[in-house]
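Let me begin by presenting the structure, written as structure tokens, before commenting on it.
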Amino acid sequence: MEENNTRESLMERNKKLHRSQSHADDELKSFRSYLRWMCVDQSSMATSCLSWAVFVLLGLVVPAISHFVLACSSCDSRHGRPYDGVVQMSLSSVATLSFVCLSRFVRKYGLRRFLFFDKLWDESETVRCGYTNQLNSSLKLLLIFVLPCFVAECAYKIWWYASGASQIPFLGNVVLSDTVACILELCSWLYRTIVIFLVCVLFHLICHLQILRLQDFARVFQVESDVGSVLSEHLRIRRHLRIISHRYRGFVLCSLILITGSQFASLLITTQAHAVVDIYRAGELALCSITLVTGLLIILRSATKITHKAQAVTSLAAKWHICATLDTVDATEAETPRFDSGQVFPVVGTDGESDGDGAGDEEDELDNSKFIPAFAHNTISFQKRQALVTYFENNRAGITVYGFTLDRSTLHSIFGVEFALVLWLLGKTVGIS
């Protein structure tokens with residue numbers, strides 16, 4: 001009997017080990033192939049060297065040549081590029097940060113461990129399927145953000161080279177020279193935006209896994225659970241959130257600084273007294289700003305969403321505690337008959353409206369206005385429930401950046417500071433007071 005138990009334990013351990021290791025036909029097979037096509041795969045020495053070579057060429061060399069050689073200071077008003085320096089510097093700096101962080105993550109942790117696929121063997125089937133589906137749709141999300149910007153950049157570059165071919169510096173044949181230069185510039189723009197959005201989408205993907213875990217964790221309050229298992233699962237989720245915060249804190253902070261600096265530089269040069277702002281001169285600058293701000297919003301929204309979900313566990317536990325307490329009190333009062341759970345705790349909103357009239361998609365297992373049936377929890381003592389609620393109140397989880405929690409109040413503070421700086425800068429340039 002003992003030998004059978006040992007054999008089953010070893011088989012289960014081998015199964016978990018097989019799931020935590022990388023292999024050719026795992027869930028990341030198609031994702032790795034996409035990374036190779038995007039020239040950001042660093043799974044081997046050869047692909048790593050190729051990835052760095054492509055980055056240096058398209059991320060640094062081509063933008064530098066484009067700015068210093070093709071600046072076209074003698075062109076007419078439509079083909080002049082007075083804001084090209086800010087555009088190239090902004091895109092290349094954020095792309096460099098994204099590429100270096102992605103390279104460090106993959107080299108240090110490996111792609112499977114970095115995306116927490118090595119931890120999925122301990123999750124429920126719902127979490128595993130949901131996370132795998134989100135991984136498969138993450139590349140579609142990447143295309144949704146990249147393609148519109150790239151189409152607009154293609155339209156601008158093709159017009160710029162086609163209408164100003166005789167004015168733009170060229171070598172040898174003007175058509176061939178301008179065609180090669182246009183293709184290189186478009187490839188450079190596409191590569192840099194892909195690298196920027198890829199890191200942002202991967203952060204969104206990892207945060208989505210934690211949201212799935214929290215939603216699965218919320219179900220422990222709907223069934224018979226002991227306080228010890230609830231506490232253990234919450235500690236595990238908090239540990240994963242700390243790991244994500246530790247890995248991404250540098251990237252989030254540096255992205256915020258670089259993108260904010262880029263926007264202030266754009267604002268400064270476009271509000272000068274002699275500045276001419278139109279779609280021909282500043283169209284590329286606006287497209288660059290939209291790209292960078294969109295990437296930053298993906299990061300901040302993902303972080304604040306998971307922080308909100310993690311902190312909603314406190315209110316869920318408090319609601320679970322009071323429902324169980326009310327049920328226990330009604331059961332112990334001899335003079336008061338015990339009502340049916342469906343009558344005492346009707347499924348209505350906080351304002352008395354029916355469930356179909358209210359919040360829609362904003363409510364889920366963690367954040368809703370529904371009562372929790374208490375009949376499944378009356379075996380847990382009041383002291384244990386109270387201790388668990390107190391623990392949740394004093395141990396709020398979420399994404400942090402060097403100790404600062406990324407929640408809605410933090411975003412409001414960031415917006416207030418940046419808005420004040422914008423008004424100050426406008427006051428210095430165009431006289432707004």
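Going by the structure tokens order, chains are called A, B, ..., each with residues numbered from 1, while ligands are numbered from 1 in the order shown.
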Need the shell around Asn133 in chain A: protein/DNA/RNA residues with any atom at most 12 Å away, counting only C-alpha atoms. Skip same-chain ones fewer than 3 positions apart. Format as a ChimeraX atom specification? /A:27-28,126-130,136-140,205,208-209,212
Within 6 Å of range 187-201 of chain A using only C-alpha atoms, minus same-chain residues under 4 positions, as a ChimeraX atom specification: /A:58,95,98,295,299
Counting only C-alpha atoms, what is within 12 Å of range 264-268 of chain A, bar same-chain residues fewer than 3 positions away, as an MDAnalysis selection string? chainID A and resid 82:90 257:261 271:275 277 282:290 418:430
Please, what distance in Å, to one decimal, runs between CA of Ala317 in chain A and CA of Arg238 in chain A?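 Calculated distance between CA of Ala317 in chain A and CA of Arg238 in chain A is 15.8 Å.
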Output as a tab-separated table one row per residue of range 252-312 of chain A within 10 Å of range 241-246 of chain A: the closest atom pair and its distance in Å to one decimal place, counting only C-alpha atoms, sorted by chain and residue number ascending.
```
residue	atom	partner	partner_atom	distance
A:Val252	CA	A:Ser245	CA	9.3
A:Ala303	CA	A:Ser245	CA	9.2
A:Ile306	CA	A:Leu241	CA	9.1
A:Thr307	CA	A:Leu241	CA	9.2
A:Ala310	CA	A:Leu241	CA	9.4
```
What does the distance between CA of Gln311 in chain A and CA of Arg112 in chain A come to in Å, to one decimal place?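 It comes out at 27.8 Å.
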Quick one: residues within 12 Å of Thr390 in chain A, only C-alpha atoms counted, chain neighbours fewer than 3 positions away excluded, as a list in words?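 The filter keeps Leu231, Val313, Thr314, Ser315, Ala317, Ala318, His321, Gln383, Lys384, Arg385, Gln386, Ala387, Glu393, Asn394, Asn395 and Arg396 of chain A.
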Expected file contents, prior selection, N, CA, C and O atoms, as an mmCIF file, in the first residue's frame:
```cif
data_model
loop_
_atom_site.group_PDB
_atom_site.id
_atom_site.type_symbol
_atom_site.label_atom_id
_atom_site.label_comp_id
_atom_site.auth_asym_id
_atom_site.auth_seq_id
_atom_site.Cartn_x
_atom_site.Cartn_y
_atom_site.Cartn_z
ATOM 1 N N LEU A 231 -6.080 31.497 3.444
ATOM 2 C CA LEU A 231 -4.894 32.310 3.730
ATOM 3 C C LEU A 231 -3.704 31.865 2.895
ATOM 4 O O LEU A 231 -2.959 32.693 2.350
ATOM 5 N N VAL A 313 -10.726 41.937 -2.783
ATOM 6 C CA VAL A 313 -10.842 40.731 -1.961
ATOM 7 C C VAL A 313 -11.228 41.099 -0.537
ATOM 8 O O VAL A 313 -11.955 40.353 0.145
ATOM 9 N N THR A 314 -10.764 42.255 -0.053
ATOM 10 C CA THR A 314 -11.076 42.681 1.316
ATOM 11 C C THR A 314 -12.570 42.869 1.501
ATOM 12 O O THR A 314 -13.162 42.376 2.476
ATOM 13 N N SER A 315 -13.211 43.587 0.578
ATOM 14 C CA SER A 315 -14.658 43.788 0.691
ATOM 15 C C SER A 315 -15.418 42.478 0.509
ATOM 16 O O SER A 315 -16.454 42.260 1.152
ATOM 17 N N ALA A 317 -14.332 39.465 1.410
ATOM 18 C CA ALA A 317 -14.195 38.719 2.665
ATOM 19 C C ALA A 317 -15.077 39.312 3.754
ATOM 20 O O ALA A 317 -15.673 38.577 4.565
ATOM 21 N N ALA A 318 -15.160 40.647 3.804
ATOM 22 C CA ALA A 318 -16.012 41.281 4.813
ATOM 23 C C ALA A 318 -17.480 40.946 4.576
ATOM 24 O O ALA A 318 -18.244 40.692 5.526
ATOM 25 N N HIS A 321 -18.044 37.438 5.689
ATOM 26 C CA HIS A 321 -18.047 37.360 7.150
ATOM 27 C C HIS A 321 -19.389 37.807 7.730
ATOM 28 O O HIS A 321 -19.963 37.138 8.598
ATOM 29 N N GLN A 383 -14.348 34.011 15.355
ATOM 30 C CA GLN A 383 -12.995 34.516 15.572
ATOM 31 C C GLN A 383 -12.095 34.281 14.362
ATOM 32 O O GLN A 383 -11.300 35.143 13.988
ATOM 33 N N LYS A 384 -12.216 33.119 13.720
ATOM 34 C CA LYS A 384 -11.389 32.832 12.542
ATOM 35 C C LYS A 384 -11.775 33.729 11.371
ATOM 36 O O LYS A 384 -10.911 34.235 10.652
ATOM 37 N N ARG A 385 -13.076 33.915 11.187
ATOM 38 C CA ARG A 385 -13.510 34.790 10.103
ATOM 39 C C ARG A 385 -13.051 36.223 10.333
ATOM 40 O O ARG A 385 -12.583 36.904 9.424
ATOM 41 N N GLN A 386 -13.178 36.681 11.573
ATOM 42 C CA GLN A 386 -12.752 38.038 11.890
ATOM 43 C C GLN A 386 -11.246 38.207 11.711
ATOM 44 O O GLN A 386 -10.779 39.238 11.207
ATOM 45 N N ALA A 387 -10.479 37.200 12.095
ATOM 46 C CA ALA A 387 -9.029 37.268 11.918
ATOM 47 C C ALA A 387 -8.660 37.320 10.442
ATOM 48 O O ALA A 387 -7.744 38.061 10.039
ATOM 49 N N GLU A 393 -7.564 43.311 5.500
ATOM 50 C CA GLU A 393 -7.570 44.767 5.634
ATOM 51 C C GLU A 393 -6.167 45.342 5.801
ATOM 52 O O GLU A 393 -5.900 46.467 5.373
ATOM 53 N N ASN A 394 -5.266 44.588 6.400
ATOM 54 C CA ASN A 394 -3.923 45.081 6.687
ATOM 55 C C ASN A 394 -2.865 44.544 5.727
ATOM 56 O O ASN A 394 -1.673 44.853 5.892
ATOM 57 N N ASN A 395 -3.271 43.772 4.740
ATOM 58 C CA ASN A 395 -2.330 43.213 3.766
ATOM 59 C C ASN A 395 -2.928 43.314 2.364
ATOM 60 O O ASN A 395 -3.211 42.320 1.713
ATOM 61 N N ARG A 396 -3.099 44.534 1.925
ATOM 62 C CA ARG A 396 -3.675 44.770 0.605
ATOM 63 C C ARG A 396 -2.638 44.465 -0.472
ATOM 64 O O ARG A 396 -1.508 44.956 -0.400
#
```
Which one of A:Arg281, A:His204, A:Arg239, A:His234 sits closest to Ser302 in chain A if you count only C-alpha atoms? A:His204
